file start.pdb (PDB, C-alpha atoms and all ligand atoms)
ATOM      1  CA  MET A   1      11.723  -5.964 -80.514
ATOM      2  CA  THR A   2      12.884  -9.192 -78.791
ATOM      3  CA  LEU A   3      15.622  -9.186 -76.110
ATOM      4  CA  ALA A   4      17.982 -10.674 -78.689
ATOM      5  CA  ASP A   5      17.176  -7.849 -81.101
ATOM      6  CA  LEU A   6      17.799  -5.286 -78.343
ATOM      7  CA  SER A   7      21.385  -6.490 -77.980
ATOM      8  CA  THR A   8      22.270  -6.685 -81.669
ATOM      9  CA  THR A   9      20.252  -3.843 -83.223
ATOM     10  CA  ASP A  10      22.464  -0.778 -83.361
ATOM     11  CA  ARG A  11      20.295   1.957 -81.837
ATOM     12  CA  TYR A  12      23.306   4.254 -81.487
ATOM     13  CA  PRO A  13      25.162   4.224 -84.827
ATOM     14  CA  THR A  14      28.540   6.024 -84.599
ATOM     15  CA  ARG A  15      31.982   6.224 -86.247
ATOM     16  CA  GLY A  16      30.330   6.682 -89.668
ATOM     17  CA  SER A  17      30.587   9.607 -92.073
ATOM     18  CA  ASP A  18      28.858  12.295 -90.014
ATOM     19  CA  SER A  19      28.278  13.365 -86.455
ATOM     20  CA  THR A  20      24.656  13.738 -85.405
ATOM     21  CA  LEU A  21      22.686  14.094 -82.191
ATOM     22  CA  LEU A  22      20.307  11.196 -81.443
ATOM     23  CA  ASP A  23      17.785  10.874 -78.621
ATOM     24  CA  ARG A  24      18.563   8.364 -75.894
ATOM     25  CA  THR A  25      16.117   5.420 -76.024
ATOM     26  CA  ASP A  26      17.195   3.824 -72.723
ATOM     27  CA  PRO A  27      16.190   4.652 -69.148
ATOM     28  CA  THR A  28      18.845   6.203 -66.911
ATOM     29  CA  VAL A  29      17.662   4.674 -63.632
ATOM     30  CA  TRP A  30      16.344   1.192 -64.449
ATOM     31  CA  SER A  31      13.553  -0.541 -62.514
ATOM     32  CA  GLY A  32      14.087  -3.975 -61.030
ATOM     33  CA  VAL A  33      15.955  -3.447 -57.738
ATOM     34  CA  SER A  34      13.878  -1.602 -55.150
ATOM     35  CA  THR A  35      16.280  -1.648 -52.179
ATOM     36  CA  GLY A  36      19.718  -0.191 -51.671
ATOM     37  CA  PRO A  37      21.659   2.746 -50.168
ATOM     38  CA  ALA A  38      20.468   5.367 -52.675
ATOM     39  CA  ALA A  39      17.649   7.602 -51.450
ATOM     40  CA  ARG A  40      14.732   8.446 -53.725
ATOM     41  CA  ASP A  41      15.957  12.042 -54.243
ATOM     42  CA  GLU A  42      19.444  10.814 -55.182
ATOM     43  CA  LEU A  43      17.963   8.483 -57.804
ATOM     44  CA  ALA A  44      15.755  11.325 -59.065
ATOM     45  CA  ALA A  45      18.797  13.600 -59.414
ATOM     46  CA  HIS A  46      20.726  10.845 -61.179
ATOM     47  CA  ASP A  47      17.841  10.318 -63.581
ATOM     48  CA  ALA A  48      17.483  14.022 -64.355
ATOM     49  CA  LYS A  49      21.141  15.074 -64.519
ATOM     50  CA  GLY A  50      22.847  11.761 -65.314
ATOM     51  CA  PHE A  51      24.957  11.931 -62.143
ATOM     52  CA  HIS A  52      24.895  12.416 -58.388
ATOM     53  CA  VAL A  53      27.480  12.888 -55.662
ATOM     54  CA  VAL A  54      27.908  10.911 -52.445
ATOM     55  CA  GLU A  55      29.923  13.013 -49.981
ATOM     56  CA  GLY A  56      32.113  11.105 -47.538
ATOM     57  CA  LEU A  57      31.626   7.673 -49.090
ATOM     58  CA  LEU A  58      35.011   6.685 -47.635
ATOM     59  CA  SER A  59      36.126   7.684 -44.145
ATOM     60  CA  PRO A  60      39.464   9.506 -43.756
ATOM     61  CA  ALA A  61      40.990   6.231 -42.544
ATOM     62  CA  GLU A  62      39.702   4.402 -45.636
ATOM     63  CA  VAL A  63      41.008   7.180 -47.899
ATOM     64  CA  GLN A  64      44.424   6.827 -46.247
ATOM     65  CA  ALA A  65      44.398   3.046 -46.702
ATOM     66  CA  HIS A  66      43.438   3.294 -50.393
ATOM     67  CA  TRP A  67      45.982   6.073 -50.994
ATOM     68  CA  GLN A  68      48.707   3.839 -49.526
ATOM     69  CA  GLU A  69      47.507   1.073 -51.858
ATOM     70  CA  LEU A  70      47.859   3.459 -54.815
ATOM     71  CA  GLU A  71      51.401   4.365 -53.757
ATOM     72  CA  ARG A  72      52.236   0.659 -53.379
ATOM     73  CA  LEU A  73      50.982  -0.016 -56.913
ATOM     74  CA  MET A  74      52.936   2.975 -58.258
ATOM     75  CA  ARG A  75      56.155   1.649 -56.717
ATOM     76  CA  ASP A  76      55.663  -1.927 -57.958
ATOM     77  CA  GLU A  77      57.882  -2.366 -61.034
ATOM     78  CA  ARG A  78      55.731  -5.309 -62.213
ATOM     79  CA  VAL A  79      52.671  -3.023 -62.236
ATOM     80  CA  ARG A  80      54.583  -0.241 -64.001
ATOM     81  CA  ASN A  81      55.685  -2.652 -66.724
ATOM     82  CA  ASP A  82      52.269  -4.307 -67.051
ATOM     83  CA  GLU A  83      50.290  -3.695 -70.274
ATOM     84  CA  ARG A  84      47.385  -2.519 -68.082
ATOM     85  CA  THR A  85      49.411   0.519 -67.016
ATOM     86  CA  VAL A  86      49.191   3.572 -69.283
ATOM     87  CA  VAL A  87      51.796   6.345 -68.934
ATOM     88  CA  GLU A  88      51.358  10.040 -69.771
ATOM     89  CA  ARG A  89      52.152  10.927 -73.401
ATOM     90  CA  SER A  90      54.392  13.836 -72.323
ATOM     91  CA  SER A  91      56.222  12.179 -69.444
ATOM     92  CA  ASN A  92      56.791   8.648 -68.235
ATOM     93  CA  GLU A  93      54.517   9.169 -65.258
ATOM     94  CA  VAL A  94      51.687   6.705 -64.726
ATOM     95  CA  ARG A  95      48.401   8.055 -66.151
ATOM     96  CA  SER A  96      46.111   5.082 -65.468
ATOM     97  CA  ILE A  97      46.192   1.501 -64.233
ATOM     98  CA  PHE A  98      43.368  -0.598 -65.666
ATOM     99  CA  GLU A  99      41.729  -3.719 -64.196
ATOM    100  CA  VAL A 100      42.844  -2.454 -60.815
ATOM    101  CA  HIS A 101      40.001  -4.338 -59.063
ATOM    102  CA  GLU A 102      41.772  -7.570 -60.098
ATOM    103  CA  ILE A 103      45.317  -6.352 -59.379
ATOM    104  CA  SER A 104      44.508  -4.999 -55.910
ATOM    105  CA  GLU A 105      42.548  -7.024 -53.366
ATOM    106  CA  ARG A 106      41.646  -3.842 -51.489
ATOM    107  CA  ILE A 107      40.120  -2.251 -54.606
ATOM    108  CA  GLY A 108      38.408  -5.528 -55.491
ATOM    109  CA  ALA A 109      36.789  -5.431 -52.037
ATOM    110  CA  LEU A 110      35.733  -1.814 -52.629
ATOM    111  CA  ALA A 111      33.863  -2.887 -55.777
ATOM    112  CA  ARG A 112      31.966  -5.454 -53.679
ATOM    113  CA  ASP A 113      31.362  -3.087 -50.747
ATOM    114  CA  PRO A 114      27.566  -2.775 -50.274
ATOM    115  CA  ARG A 115      27.900   1.041 -50.285
ATOM    116  CA  VAL A 116      29.148   0.672 -53.875
ATOM    117  CA  LEU A 117      27.799  -2.612 -55.295
ATOM    118  CA  ASP A 118      24.250  -2.200 -53.969
ATOM    119  CA  ARG A 119      23.938   1.352 -55.306
ATOM    120  CA  ALA A 120      25.080   0.193 -58.758
ATOM    121  CA  ARG A 121      22.451  -2.582 -58.692
ATOM    122  CA  GLN A 122      19.793  -0.046 -57.695
ATOM    123  CA  ILE A 123      20.666   2.299 -60.599
ATOM    124  CA  LEU A 124      20.933  -0.480 -63.188
ATOM    125  CA  GLY A 125      17.987  -2.488 -61.874
ATOM    126  CA  SER A 126      19.741  -5.860 -62.035
ATOM    127  CA  ASP A 127      22.766  -7.910 -61.080
ATOM    128  CA  VAL A 128      25.947  -6.225 -62.282
ATOM    129  CA  TYR A 129      29.553  -7.059 -63.144
ATOM    130  CA  VAL A 130      32.641  -4.856 -63.498
ATOM    131  CA  HIS A 131      33.038  -3.762 -67.101
ATOM    132  CA  GLN A 132      36.224  -1.756 -66.395
ATOM    133  CA  SER A 133      38.151  -0.364 -63.454
ATOM    134  CA  ARG A 134      41.049   2.043 -63.374
ATOM    135  CA  ILE A 135      42.996   4.484 -61.298
ATOM    136  CA  ASN A 136      43.485   7.863 -62.973
ATOM    137  CA  PHE A 137      46.412   9.487 -61.228
ATOM    138  CA  MET A 138      46.318  12.961 -62.810
ATOM    139  CA  PRO A 139      49.684  13.814 -61.160
ATOM    140  CA  GLY A 140      50.573  17.394 -60.268
ATOM    141  CA  TYR A 141      52.305  19.735 -62.768
ATOM    142  CA  ARG A 142      52.157  17.314 -65.721
ATOM    143  CA  GLY A 143      48.842  15.447 -65.410
ATOM    144  CA  THR A 144      46.930  15.696 -68.694
ATOM    145  CA  GLY A 145      43.151  15.629 -68.864
ATOM    146  CA  PHE A 146      40.563  13.913 -71.026
ATOM    147  CA  TYR A 147      38.840  15.860 -73.804
ATOM    148  CA  TRP A 148      35.003  15.953 -73.945
ATOM    149  CA  HIS A 149      33.533  12.512 -74.592
ATOM    150  CA  SER A 150      30.834   9.999 -73.763
ATOM    151  CA  ASP A 151      32.246   6.764 -72.355
ATOM    152  CA  PHE A 152      29.285   4.863 -73.808
ATOM    153  CA  GLU A 153      30.191   5.988 -77.357
ATOM    154  CA  THR A 154      33.510   4.144 -76.984
ATOM    155  CA  TRP A 155      32.082   1.177 -75.078
ATOM    156  CA  HIS A 156      29.342   0.774 -77.737
ATOM    157  CA  ALA A 157      31.621   1.244 -80.750
ATOM    158  CA  GLU A 158      34.717  -0.640 -79.555
ATOM    159  CA  ASP A 159      33.480  -3.014 -76.840
ATOM    160  CA  GLY A 160      30.039  -3.944 -78.191
ATOM    161  CA  MET A 161      27.997  -2.582 -75.280
ATOM    162  CA  PRO A 162      24.400  -2.657 -76.620
ATOM    163  CA  ALA A 163      22.498  -0.281 -74.317
ATOM    164  CA  MET A 164      23.161   2.612 -71.966
ATOM    165  CA  ARG A 165      22.866   0.378 -68.896
ATOM    166  CA  ALA A 166      26.242   0.972 -67.272
ATOM    167  CA  VAL A 167      27.257   3.387 -64.542
ATOM    168  CA  SER A 168      30.652   4.642 -63.302
ATOM    169  CA  ILE A 169      31.720   5.623 -59.832
ATOM    170  CA  SER A 170      34.683   7.980 -59.461
ATOM    171  CA  ILE A 171      36.028   7.914 -55.892
ATOM    172  CA  ALA A 172      38.299  10.832 -55.011
ATOM    173  CA  LEU A 173      41.429   9.776 -53.150
ATOM    174  CA  THR A 174      42.809  13.308 -53.176
ATOM    175  CA  ASP A 175      40.869  16.564 -52.862
ATOM    176  CA  ASN A 176      39.293  17.405 -56.205
ATOM    177  CA  TYR A 177      39.510  21.187 -56.792
ATOM    178  CA  PRO A 178      38.282  23.235 -59.761
ATOM    179  CA  PHE A 179      41.921  23.942 -60.561
ATOM    180  CA  ASN A 180      43.541  20.492 -60.458
ATOM    181  CA  GLY A 181      41.676  18.717 -63.238
ATOM    182  CA  GLY A 182      38.301  18.186 -61.571
ATOM    183  CA  LEU A 183      35.908  16.316 -63.843
ATOM    184  CA  MET A 184      33.515  18.601 -65.811
ATOM    185  CA  ILE A 185      30.105  17.210 -66.753
ATOM    186  CA  MET A 186      27.004  18.532 -68.586
ATOM    187  CA  PRO A 187      23.845  17.938 -66.499
ATOM    188  CA  GLY A 188      21.120  16.344 -68.649
ATOM    189  CA  ALA A 189      23.292  15.797 -71.721
ATOM    190  CA  HIS A 190      23.178  12.045 -71.028
ATOM    191  CA  ARG A 191      19.784  12.030 -72.761
ATOM    192  CA  THR A 192      21.471  12.798 -76.090
ATOM    193  CA  PHE A 193      23.734  10.350 -77.907
ATOM    194  CA  VAL A 194      26.427  12.209 -79.851
ATOM    195  CA  SER A 195      27.281  10.094 -82.866
ATOM    196  CA  CYS A 196      30.892  10.745 -83.900
ATOM    197  CA  ALA A 197      32.386  10.646 -87.395
ATOM    198  CA  GLY A 198      35.522   8.725 -88.213
ATOM    199  CA  GLU A 199      36.330   5.039 -88.507
ATOM    200  CA  THR A 200      37.941   3.226 -85.552
ATOM    201  CA  PRO A 201      41.614   2.495 -86.345
ATOM    202  CA  GLU A 202      43.056  -0.968 -85.612
ATOM    203  CA  ASP A 203      44.156  -1.262 -81.936
ATOM    204  CA  ASN A 204      42.796   2.223 -81.271
ATOM    205  CA  TYR A 205      42.943   1.679 -77.485
ATOM    206  CA  LYS A 206      46.756   1.734 -77.579
ATOM    207  CA  SER A 207      46.626   5.474 -78.247
ATOM    208  CA  SER A 208      43.108   6.471 -77.178
ATOM    209  CA  LEU A 209      43.795   5.766 -73.486
ATOM    210  CA  LYS A 210      46.540   8.388 -73.651
ATOM    211  CA  GLN A 211      44.659  10.825 -75.876
ATOM    212  CA  GLN A 212      41.305  10.098 -77.521
ATOM    213  CA  LYS A 213      41.191  11.194 -81.180
ATOM    214  CA  VAL A 214      38.322   9.036 -82.525
ATOM    215  CA  GLY A 215      34.834   9.094 -81.015
ATOM    216  CA  VAL A 216      35.352  12.731 -80.072
ATOM    217  CA  PRO A 217      32.321  15.020 -80.537
ATOM    218  CA  THR A 218      32.606  18.004 -82.880
ATOM    219  CA  GLU A 219      33.023  21.443 -81.321
ATOM    220  CA  ASP A 220      29.636  22.331 -82.815
ATOM    221  CA  ASN A 221      27.918  19.514 -80.940
ATOM    222  CA  ILE A 222      29.802  20.247 -77.707
ATOM    223  CA  THR A 223      28.735  23.895 -78.037
ATOM    224  CA  LYS A 224      25.095  22.915 -78.611
ATOM    225  CA  LEU A 225      25.087  20.653 -75.525
ATOM    226  CA  ALA A 226      26.939  23.153 -73.345
ATOM    227  CA  TYR A 227      24.524  25.969 -74.240
ATOM    228  CA  GLU A 228      21.537  23.712 -73.570
ATOM    229  CA  HIS A 229      22.742  22.040 -70.374
ATOM    230  CA  GLY A 230      25.591  24.092 -68.933
ATOM    231  CA  ILE A 231      28.645  22.570 -67.260
ATOM    232  CA  GLU A 232      29.038  21.473 -63.649
ATOM    233  CA  GLN A 233      32.215  20.251 -62.010
ATOM    234  CA  PHE A 234      32.819  17.395 -59.562
ATOM    235  CA  THR A 235      34.872  18.923 -56.771
ATOM    236  CA  GLY A 236      35.024  17.542 -53.296
ATOM    237  CA  GLN A 237      37.124  16.241 -50.483
ATOM    238  CA  ALA A 238      38.997  12.991 -50.722
ATOM    239  CA  GLY A 239      36.512  10.217 -49.924
ATOM    240  CA  SER A 240      33.625  11.712 -51.881
ATOM    241  CA  ALA A 241      32.288   9.909 -54.939
ATOM    242  CA  LEU A 242      30.620  10.818 -58.213
ATOM    243  CA  TRP A 243      28.226   8.334 -59.773
ATOM    244  CA  PHE A 244      27.744   9.095 -63.480
ATOM    245  CA  ASP A 245      25.798   7.482 -66.309
ATOM    246  CA  SER A 246      27.722   5.797 -69.147
ATOM    247  CA  ASN A 247      26.509   8.445 -71.622
ATOM    248  CA  CYS A 248      27.360  11.583 -69.655
ATOM    249  CA  MET A 249      29.236  14.197 -71.677
ATOM    250  CA  HIS A 250      32.328  14.800 -69.535
ATOM    251  CA  GLY A 251      35.953  15.819 -69.677
ATOM    252  CA  SER A 252      38.748  17.200 -67.530
ATOM    253  CA  GLY A 253      41.473  19.776 -67.934
ATOM    254  CA  ASN A 254      45.228  19.419 -67.425
ATOM    255  CA  ASN A 255      46.640  19.638 -63.937
ATOM    256  CA  ILE A 256      49.491  22.145 -63.597
ATOM    257  CA  THR A 257      49.068  22.578 -59.838
ATOM    258  CA  PRO A 258      51.123  20.788 -57.200
ATOM    259  CA  TYR A 259      47.993  18.875 -56.089
ATOM    260  CA  PRO A 260      47.432  15.440 -57.720
ATOM    261  CA  ARG A 261      43.849  14.535 -58.593
ATOM    262  CA  SER A 262      43.857  10.764 -58.104
ATOM    263  CA  ASN A 263      40.575   8.897 -58.413
ATOM    264  CA  ILE A 264      39.515   5.272 -58.507
ATOM    265  CA  PHE A 265      36.972   4.538 -61.271
ATOM    266  CA  ILE A 266      34.817   1.416 -61.291
ATOM    267  CA  VAL A 267      32.370   0.838 -64.168
ATOM    268  CA  PHE A 268      29.415  -1.455 -63.507
ATOM    269  CA  ASN A 269      27.439  -2.925 -66.396
ATOM    270  CA  SER A 270      24.122  -4.767 -66.101
ATOM    271  CA  VAL A 271      24.379  -8.521 -66.645
ATOM    272  CA  ASP A 272      21.414  -7.979 -69.002
ATOM    273  CA  ASN A 273      23.595  -5.684 -71.140
ATOM    274  CA  ALA A 274      26.388  -8.134 -71.877
ATOM    275  CA  LEU A 275      28.873  -7.129 -74.552
ATOM    276  CA  VAL A 276      28.353  -8.428 -78.079
ATOM    277  CA  GLU A 277      30.524  -7.803 -81.128
ATOM    278  CA  PRO A 278      31.804  -4.196 -81.382
ATOM    279  CA  PHE A 279      29.304  -1.989 -83.203
ATOM    280  CA  ALA A 280      32.038   0.048 -84.921
ATOM    281  CA  ALA A 281      35.411  -1.653 -84.700
ATOM    282  CA  LYS A 282      36.984  -4.659 -86.420
ATOM    283  CA  SER A 283      37.856  -6.479 -83.183
ATOM    284  CA  PRO A 284      36.955  -6.116 -79.505
ATOM    285  CA  ARG A 285      39.340  -4.456 -77.044
ATOM    286  CA  PRO A 286      41.233  -6.624 -74.529
ATOM    287  CA  ASN A 287      39.516  -7.923 -71.417
ATOM    288  CA  TYR A 288      41.456  -5.621 -69.091
ATOM    289  CA  VAL A 289      39.744  -2.604 -70.722
ATOM    290  CA  ALA A 290      36.373  -4.273 -71.364
ATOM    291  CA  SER A 291      35.673  -7.427 -69.342
ATOM    292  CA  ARG A 292      33.835 -10.287 -71.024
ATOM    293  CA  ASP A 293      33.288 -12.149 -67.754
ATOM    294  CA  PHE A 294      29.601 -11.350 -67.134
ATOM    295  CA  THR A 295      29.387 -13.296 -63.847
ATOM    296  CA  PRO A 296      27.262 -11.246 -61.413
ATOM    297  CA  LEU A 297      29.427  -9.540 -58.788
ATOM    298  CA  ARG A 298      28.688 -10.781 -55.269
ATOM    299  CA  ARG A 299      29.892  -9.508 -51.854
TER     300      ARG A 299
HETATM  301  O1  LIG B 301      38.084   4.104 -73.510
HETATM  302  C1  LIG B 301      37.738   3.955 -72.348
HETATM  303  O2  LIG B 301      37.147   2.939 -71.914
HETATM  304  C2  LIG B 301      38.183   5.020 -71.364
HETATM  305  N1  LIG B 301      38.279   6.302 -71.961
HETATM  306  C3  LIG B 301      37.852   7.409 -71.379
HETATM  307  C4  LIG B 301      38.309   8.708 -71.912
HETATM  308  N2  LIG B 301      37.002   7.397 -70.352
HETATM  309  C5  LIG B 301      36.398   6.085 -70.025
HETATM  310  C6  LIG B 301      37.379   4.980 -70.126
HETATM  311  O3  LIG B 301      38.262   4.930 -69.105
HETATM  312 FE    FE B 302      35.542   8.983 -69.590
END

call {"tool": "encode", "arguments": {"input": "start.pdb", "output": "structure tokens"}}
result
Amino acid sequence: MTLADLSTTDRYPTRGSDSTLLDRTDPTVWSGVSTGPAARDELAAHDAKGFHVVEGLLSPAEVQAHWQELERLMRDERVRNDERTVVERSSNEVRSIFEVHEISERIGALARDPRVLDRARQILGSDVYVHQSRINFMPGYRGTGFYWHSDFETWHAEDGMPAMRAVSISIALTDNYPFNGGLMIMPGAHRTFVSCAGETPEDNYKSSLKQQKVGVPTEDNITKLAYEHGIEQFTGQAGSALWFDSNCMHGSGNNITPYPRSNIFIVFNSVDNALVEPFAAKSPRPNYVASRDFTPLRR
């Protein structure tokens, strides 16, 4: 199979008539970049489980500075009225702000920070660019979660991402507890691609970013994966970070506690995995949800 074939052949068919479980045919940790901040055992854990945690990535002072940046963005009427801001379906509270690495210089610098950029390059084995960035606020009392899903299933179907060669970092800016919507994740389930039934509606992203209804695994398949792999939860102090593979099966519950669970997410994609035409949607999603600027990210 030539490189060109690799990017256009659909090895992960989805959004058809049925929902099946397919084996992953991509590495999780890619060869090609031998140096970086990740230790051998961290890469081994990431390969086996599909994720690993870096405690204390940001210092308390850095957490404070990024939290103040979040509050500044929240107060900025232009940001609130921007199409890149998604509000909660049940209230008018901000749920997410997308392309936040472009909107905020401080978060743009975080994406280029060697503690972040160099680890992404190590995992993906190449130069990388930012496919998507967002802040998920998960406010107290009314923050709603995200049902079980694989990000890659959406990025493949709707953004045209050919291979599982993207990785997300979720940086906690508030303490992530089991009870305030901490992200749940199935260790090892990243080696299975869950093909989902159901055609992608036109402009699906306008509703899916509030509540995903298409590209959602069946309860049968979630049950199978949960019984095989179990469920772990990312909890940790503000400043800690979760690195997780694009195909991890993950989700989060609602937050009815007084404690917000606000995280910064940055998704890195390999420059050798550039988006092509969507594999299961009539037209690609907008750039602020799926960047088509594949320029390698530099410090
Ligand atoms: O559609 C997406 O790109 C987004 N949806 C979810 C539920 N997680 C990843 C990403 O932010
Ligand atoms: Fe997700």

call {"tool": "residues_around", "arguments": {"input": "start.pdb", "residues": "Met74 of chain A", "least_positions_apart": "3", "cutoff": "10 Å", "atoms": "all atoms listed in the file", "output": "number ranges by chain"}}
result
A: 68-71, 77-80, 85, 93-94, 97, 137

call {"tool": "residues_around", "arguments": {"input": "start.pdb", "residues": "Val216 of chain A", "least_positions_apart": "2", "cutoff": "9 Å", "atoms": "only C-alpha atoms", "output": "PDB file with C-alpha atoms, in the frame of the given file"}}
result
ATOM      1  CA  TYR A 147      38.840  15.860 -73.804  1.00  0.00           C
ATOM      2  CA  TRP A 148      35.003  15.953 -73.945  1.00  0.00           C
ATOM      3  CA  HIS A 149      33.533  12.512 -74.592  1.00  0.00           C
ATOM      4  CA  SER A 150      30.834   9.999 -73.763  1.00  0.00           C
ATOM      5  CA  GLU A 153      30.191   5.988 -77.357  1.00  0.00           C
ATOM      6  CA  VAL A 194      26.427  12.209 -79.851  1.00  0.00           C
ATOM      7  CA  SER A 195      27.281  10.094 -82.866  1.00  0.00           C
ATOM      8  CA  CYS A 196      30.892  10.745 -83.900  1.00  0.00           C
ATOM      9  CA  ALA A 197      32.386  10.646 -87.395  1.00  0.00           C
ATOM     10  CA  GLN A 212      41.305  10.098 -77.521  1.00  0.00           C
ATOM     11  CA  LYS A 213      41.191  11.194 -81.180  1.00  0.00           C
ATOM     12  CA  VAL A 214      38.322   9.036 -82.525  1.00  0.00           C
ATOM     13  CA  THR A 218      32.606  18.004 -82.880  1.00  0.00           C
TER      14      THR A 218
END

call {"tool": "resolve_selection", "arguments": {"input": "start.pdb", "expression": "the PyMOL selection byres (((chain A and resi 114-122) around 10) and not hetatm)", "output": "PyMOL selection string"}}
result
chain A and resi 29-39+43+57-58+109-113+123-130+166-169+241+243+266-270+297-299

call {"tool": "residues_around", "arguments": {"input": "start.pdb", "residues": "Met184 of chain A", "least_positions_apart": "4", "cutoff": "6 Å", "atoms": "only C-alpha atoms", "output": "ChimeraX atom specification"}}
result
/A:232-233,250-252

call {"tool": "write_last_selection", "arguments": {"input": "start.pdb", "atoms": "C-alpha atoms", "output": "PDB file, in the coordinates of the input"}}
result
ATOM      1  CA  GLU A 232      29.038  21.473 -63.649  1.00  0.00           C
ATOM      2  CA  GLN A 233      32.215  20.251 -62.010  1.00  0.00           C
ATOM      3  CA  HIS A 250      32.328  14.800 -69.535  1.00  0.00           C
ATOM      4  CA  GLY A 251      35.953  15.819 -69.677  1.00  0.00           C
ATOM      5  CA  SER A 252      38.748  17.200 -67.530  1.00  0.00           C
TER       6      SER A 252
END

call {"tool": "atom_distance", "arguments": {"input": "start.pdb", "atom1": "atom CA of Leu21 of chain A", "atom2": "atom CA of Ile231 of chain A"}}
result
18.2 Å

call {"tool": "residues_near_ligand", "arguments": {"input": "start.pdb", "ligand": "ligand LIG 301 (chain B)", "cutoff": "8 Å", "atoms": "only C-alpha atoms and all ligand atoms", "output": "ChimeraX atom specification"}}
result
/A:132-134,146-147,149-151,154-155,205,208-209,211-212,251,265,289-290

call {"tool": "atom_distance", "arguments": {"input": "start.pdb", "atom1": "atom CA of Glu83 of chain A", "atom2": "atom CA of Phe234 of chain A"}}
result
29.4 Å

call {"tool": "closest_atom_pairs", "arguments": {"input": "start.pdb", "of": "segment 53-172 of chain A", "to": "segment 10-19 of chain A", "cutoff": "10 Å", "atoms": "only C-alpha atoms", "output": "CSV"}}
result
residue,atom,partner,partner_atom,distance
A:Phe152,CA,A:Tyr12,CA,9.8
A:Glu153,CA,A:Thr14,CA,7.4
A:Thr154,CA,A:Thr14,CA,9.3
A:His156,CA,A:Tyr12,CA,7.9
A:Ala157,CA,A:Thr14,CA,6.9
A:Glu158,CA,A:Arg15,CA,10.0
A:Gly160,CA,A:Asp10,CA,9.7
A:Met161,CA,A:Asp10,CA,10.0
A:Pro162,CA,A:Asp10,CA,7.3
A:Ala163,CA,A:Arg11,CA,8.1
A:Met164,CA,A:Tyr12,CA,9.7

call {"tool": "axis_aligned_box", "arguments": {"input": "start.pdb", "around": "segment 45-60 of chain A", "padding_each_side": "5 Å", "output": "JSON"}}
result
{"center_x": 28.5, "center_y": 10.9, "center_z": -54.5, "size_x": 32.0, "size_y": 18.4, "size_z": 31.6}

call {"tool": "atom_distance", "arguments": {"input": "start.pdb", "atom1": "atom CA of Asn92 of chain A", "atom2": "atom CA of Met138 of chain A"}}
result
12.6 Å

call {"tool": "resolve_selection", "arguments": {"input": "start.pdb", "expression": "the PyMOL selection byres (((chain A and resi 286) around 12) and not hetatm)", "output": "list in words"}}
result
Glu83, Arg84, Phe98, Glu99, His131, Gln132, Glu158, Asp159, Asp203, Asn204, Tyr205, Lys206, Pro278, Ser283, Pro284, Arg285, Asn287, Tyr288, Val289, Ala290, Ser291, Arg292 and Asp293 of chain A

call {"tool": "resolve_selection", "arguments": {"input": "start.pdb", "expression": "the PyMOL selection byres (((chain A and resi 66) around 12) and not hetatm)", "output": "compact mmCIF listing (two decimals) with C-alpha atoms, in the coordinates of the input"}}
result
# COMPACT_ATOMS: atom_id res chain seq x y z
CA LEU A 58 35.01 6.68 -47.64
CA SER A 59 36.13 7.68 -44.14
CA PRO A 60 39.46 9.51 -43.76
CA ALA A 61 40.99 6.23 -42.54
CA GLU A 62 39.70 4.40 -45.64
CA VAL A 63 41.01 7.18 -47.90
CA GLN A 64 44.42 6.83 -46.25
CA ALA A 65 44.40 3.05 -46.70
CA TRP A 67 45.98 6.07 -50.99
CA GLN A 68 48.71 3.84 -49.53
CA GLU A 69 47.51 1.07 -51.86
CA LEU A 70 47.86 3.46 -54.82
CA GLU A 71 51.40 4.36 -53.76
CA ARG A 72 52.24 0.66 -53.38
CA LEU A 73 50.98 -0.02 -56.91
CA VAL A 100 42.84 -2.45 -60.82
CA SER A 104 44.51 -5.00 -55.91
CA GLU A 105 42.55 -7.02 -53.37
CA ARG A 106 41.65 -3.84 -51.49
CA ILE A 107 40.12 -2.25 -54.61
CA GLY A 108 38.41 -5.53 -55.49
CA ALA A 109 36.79 -5.43 -52.04
CA LEU A 110 35.73 -1.81 -52.63
CA ILE A 135 43.00 4.48 -61.30
CA ILE A 171 36.03 7.91 -55.89
CA ALA A 172 38.30 10.83 -55.01
CA LEU A 173 41.43 9.78 -53.15
CA THR A 174 42.81 13.31 -53.18
CA ALA A 238 39.00 12.99 -50.72
CA GLY A 239 36.51 10.22 -49.92
CA SER A 262 43.86 10.76 -58.10
CA ASN A 263 40.58 8.90 -58.41
CA ILE A 264 39.52 5.27 -58.51

call {"tool": "residues_near_point", "arguments": {"input": "start.pdb", "point": "(37.7, 22.4, -53.3)", "cutoff": "12 Å", "atoms": "all atoms listed in the file", "output": "list in words"}}
result
Ala172, Thr174, Asp175, Asn176, Tyr177, Pro178, Phe179, Asn180, Gly181, Gly182, Gln233, Phe234, Thr235, Gly236, Gln237, Ala238, Ser240, Tyr259 and Arg261 of chain A

call {"tool": "closest_residue", "arguments": {"input": "start.pdb", "among": "A:Ser207, A:Lys282, A:Thr192, A:Gly145", "to": "ligand FE 302 (chain B)", "atoms": "only C-alpha atoms and all ligand atoms"}}
result
A:Gly145

call {"tool": "closest_residue", "arguments": {"input": "start.pdb", "among": "A:Gly188, A:Ala281, A:Pro296, A:Thr257", "to": "Gly215 of chain A", "atoms": "all atoms listed in the file"}}
result
A:Ala281
